[in-house]
2 protein chains.
Amino acid sequence: MRIVCPKVDLLNGVNIVLKAVPAKTTMPILECIVINASNNNIKLTANDMELGIETIVKGDISEAGVIAINAKIFSEIIRKLPDNDVIIETDSNYKSTIVCEKAKFNISGKSADEFPNLPTIEKGNPLILSQFTLKELIRQTVFSISDNENNKIMTGELFEVTGDELKVVSLDGHRISIRKIKLKDQYDDIKVIVPGKTLNEISKILSGEMDDEVRVYITDKHIVYEFNNTIVLSRLIEGEYYKISQMLSNDYETKVSINKKELLSCIDRATLLVKESDKKPIILNVLDNTIELKINSSIGSMNEEIDIRKEGKEILIGFNPKFLIDALRVIDDEEIDIYLFNPKAPCFIKDKDENYIYLILPVNINASAS
Amino acid sequence: MRIVCPKVDLLNGVNIVLKAVPAKTTMPILECIVINASNNNIKLTANDMELGIETIVKGDISEAGVIAINAKIFSEIIRKLPDNDVIIETDSNYKSTIVCEKAKFNISGKSADEFPNLPTIEKGNPLILSQFTLKELIRQTVFSISDNENNKIMTGELFEVTGDELKVVSLDGHRISIRKIKLKDQYDDIKVIVPGKTLNEISKILSGEMDDEVRVYITDKHIVYEFNNTIVLSRLIEGEYYKISQMLSNDYETKVSINKKELLSCIDRATLLVKESDKKPIILNVLDNTIELKINSSIGSMNEEIDIRKEGKEILIGFNPKFLIDALRVIDDEEIDIYLFNPKAPCFIKDKDENYIYLILPVNINASAS
């Protein structure tokens, strides 16, 4: 094989497929990137068996061929080369030479024969989203998946299509995050669970531009994202997702309208006084035109008041401050509405059209506050 | 005590004295910052017994007093407060209240009676430098101190004043770094060893501006830096520094003039292939108009050529690439001169006026190259 690629394009391609190179594996071949220049284009592939990524890189092929090269070393070499054309040449023993200007690297490659190629997917009618929208959908929900691998379903997100609506849901037993968007077309019903880990990785590759498109194909076992010159394929999680409709409610006794930034800064300050392991709640005392926030810990105490608009009853309720912070960080609205029922019922942070709903379970203040 | 300070000024002061708060200590009082508002100004102090810092913060005192407050918690609280006036109030039990806008923190302070105040120093004639110059002097030498505490003297830097010249030297057994600058005045001879650790800390506080001045007072036991509203006091290391003059030499068989950036990028690329623990040398083959650089490791090999101007003999010599990188990174010249004698003698990188001299011992290639 002999190919010539501009360094910038090659590095960009390598950085994309790197997301599918496992940090640890018992199969050494998975630590490699495959460079395939056998079909009139230069294709890079990585695959950790859950997530697989292929991307086409610009360049010239003067001799077709395929090689697997250690991803870590290859990416570091490319990153540090001068900004010029890179020549990659391999011989029949998989010895590889990487030349750029006067710098020349020799490293050993491997046959790509053992490398697990990405499965071929029967492509139906794709969901079409902007890369911006998909990236936002992920950012605004993925924080509340569970990282406990014993409950596989909670480590994923529900992707549910009904007509022209896509709903994405994540939950971890203490909170639920829901985001809904309208699609341009009508679709048959789809309901699949996508691993949160692969969503995190794809989110890093998406451009975040409104004008860039991504096509999403969903089958029984896989979800495939196609965009630019890249294909990202993820396995789905098998099983039935939780029925969340029975956990949602539109009843409330108290509605609080509050400036999001003020609330977030205040809770952020308050958490100075608690260690993650402390599990000290932040206590919200909702009064007529003001909300009092308090936290007590072994280090000290903090209290602060924020102006609000309130409908309904006064209420005293406690929350894990981290859960409030996580939700507030991903909401883009300047003013938000919080719906409360009683000190033992979940609170809902949602907009009028329910494009987003964040449900957070409260903490029993009597038991845990000092 | 009751004081009011603008948040920005208070935070700035806290960040300065934080550099002297020890990460670990058996004396809990040293984990505190002392706020002293008893002498018509607001003074913050921290002291880890090797390095002590005092700084004056702008603000109003409505009730004089002194308190010691846990540095970590205090600094985090101040950092997260809104950008407005901060009121700090303490009672006779050292309970402290920190109020800013509607946010109110209560934390426990301590009596400052046990806190070790900075020793009073008899001030003689100070060395006067720009903060820029002192910061550069430190940056350009401190990387080659030893971090082996068993040899205390190597963990420090020699500060030597002769007439109107200040010379700073560091060495670790494999290399020597020397920087010389002219002072504005003539001084009596001074020769002291300043701990490298405290130089690193002071360097973080210095503004790096040419127009900002720092006054340096040196006594038998201490070095004191005064600038802006801040006093930094460091203990000196006792003992006699190495006689380095006998290690320096102006003899050479080969002189190489080379573009610094090209050489640095090349060595940086080459080190991809070696782990720190590998101790693989980079081999320099100096030819007539070119230098060949080569590295071999278990991962692969790399070679590159760089154009040079050469005087004298050809030479093949090996170095620990890290030592070359460290020196090249701190040299500001675009083109540098490297003086070589033979493959077993140290190389010198130095400018014509010897404002800087970097001596690096070679590695025996026959023994270590594969």
# chains A, B, ... in the order shown; residues from 1 in each chain; ligands from 1
$ select_by_dssp --residues "stretch 13-223 of chain B" --states "strand (DSSP E or B)" --output "ChimeraX atom specification"
/B:32-36,42-47,51-57,60-63,66-70,85-90,95-100,103-108,110,127-130,156-171,175-195,213-218,222-223
$ interface_residues --of "chain B" --to "chain A" --cutoff "10 Å" --atoms "only C-alpha atoms" --output "PyMOL selection string"
chain B and resi 70+73-74+76-82+95-108+262+265-266+268-273+292-306
$ closest_residue --among "B:Gly173, B:Gly109, B:Gly239, B:Gly59" --to "B:Ile145" --atoms "only C-alpha atoms"
B:Gly173
$ closest_residue --among "A:Val330, A:Val142, A:Ile357, A:Val161" --to "A:Met247" --atoms "only C-alpha atoms"
A:Ile357
$ residues_around --residues "A:Pro28" --least-positions-apart "3" --cutoff "12 Å" --atoms "only C-alpha atoms" --output "ChimeraX atom specification"
/A:21-25,31-33,47-48,68-71,110,112,114-116
$ residues_around --residues "A:Asp185" --least-positions-apart "3" --cutoff "9 Å" --atoms "only C-alpha atoms" --output "JSON, numbers by chain"
{"A": [127, 128, 163, 164, 165, 182]}
$ residues_around --residues "A:Ile67" --least-positions-apart "6" --cutoff "6 Å" --atoms "only C-alpha atoms" --output "list of chain:residue names"
A:Val34, A:Ile35, A:Ser111, A:Ala112
$ write_last_selection --atoms "N, CA, C and O atoms" --output "CSV table (one decimal), in the first residue's frame"
chain,number,residue,atom,x,y,z
A,34,VAL,N,-7.7,0.5,11.1
A,34,VAL,CA,-7.5,-0.2,9.8
A,34,VAL,C,-7.5,0.9,8.8
A,34,VAL,O,-8.4,1.8,8.7
A,35,ILE,N,-6.4,1.0,8.0
A,35,ILE,CA,-6.4,1.8,6.8
A,35,ILE,C,-6.7,1.0,5.6
A,35,ILE,O,-5.9,0.1,5.3
A,111,SER,N,-1.6,-7.5,9.8
A,111,SER,CA,-2.6,-7.9,8.8
A,111,SER,C,-4.0,-7.4,9.4
A,111,SER,O,-4.3,-7.5,10.6
A,112,ALA,N,-4.9,-6.9,8.5
A,112,ALA,CA,-6.2,-6.5,9.0
A,112,ALA,C,-7.2,-7.6,8.8
A,112,ALA,O,-8.4,-7.5,9.1
$ residues_around --residues "stretch 307-316 of chain B" --least-positions-apart "6" --cutoff "8 Å" --atoms "only C-alpha atoms" --output "ChimeraX atom specification"
/B:253-259,283-291,342-343
$ write_last_selection --atoms "C-alpha atoms" --output "PDB file, in the first residue's frame"
ATOM      1  CA  GLU B 253      35.737  20.332  18.133  1.00  0.00           C
ATOM      2  CA  THR B 254      32.351  20.893  16.475  1.00  0.00           C
ATOM      3  CA  LYS B 255      30.048  23.886  16.458  1.00  0.00           C
ATOM      4  CA  VAL B 256      26.528  23.478  15.076  1.00  0.00           C
ATOM      5  CA  SER B 257      24.254  26.435  14.283  1.00  0.00           C
ATOM      6  CA  ILE B 258      20.657  25.288  13.950  1.00  0.00           C
ATOM      7  CA  ASN B 259      17.082  26.562  13.894  1.00  0.00           C
ATOM      8  CA  ILE B 283      21.331   9.962  18.233  1.00  0.00           C
ATOM      9  CA  LEU B 284      22.701  13.047  16.520  1.00  0.00           C
ATOM     10  CA  ASN B 285      24.891  12.487  13.506  1.00  0.00           C
ATOM     11  CA  VAL B 286      26.484  15.833  12.655  1.00  0.00           C
ATOM     12  CA  LEU B 287      27.535  15.977   8.988  1.00  0.00           C
ATOM     13  CA  ASP B 288      28.683  18.853   6.824  1.00  0.00           C
ATOM     14  CA  ASN B 289      25.502  20.812   6.162  1.00  0.00           C
ATOM     15  CA  THR B 290      23.039  18.585   7.852  1.00  0.00           C
ATOM     16  CA  ILE B 291      22.320  16.823  11.103  1.00  0.00           C
ATOM     17  CA  ASN B 342      33.648  14.287  21.664  1.00  0.00           C
ATOM     18  CA  PRO B 343      30.914  11.628  22.148  1.00  0.00           C
TER      19      PRO B 343
END
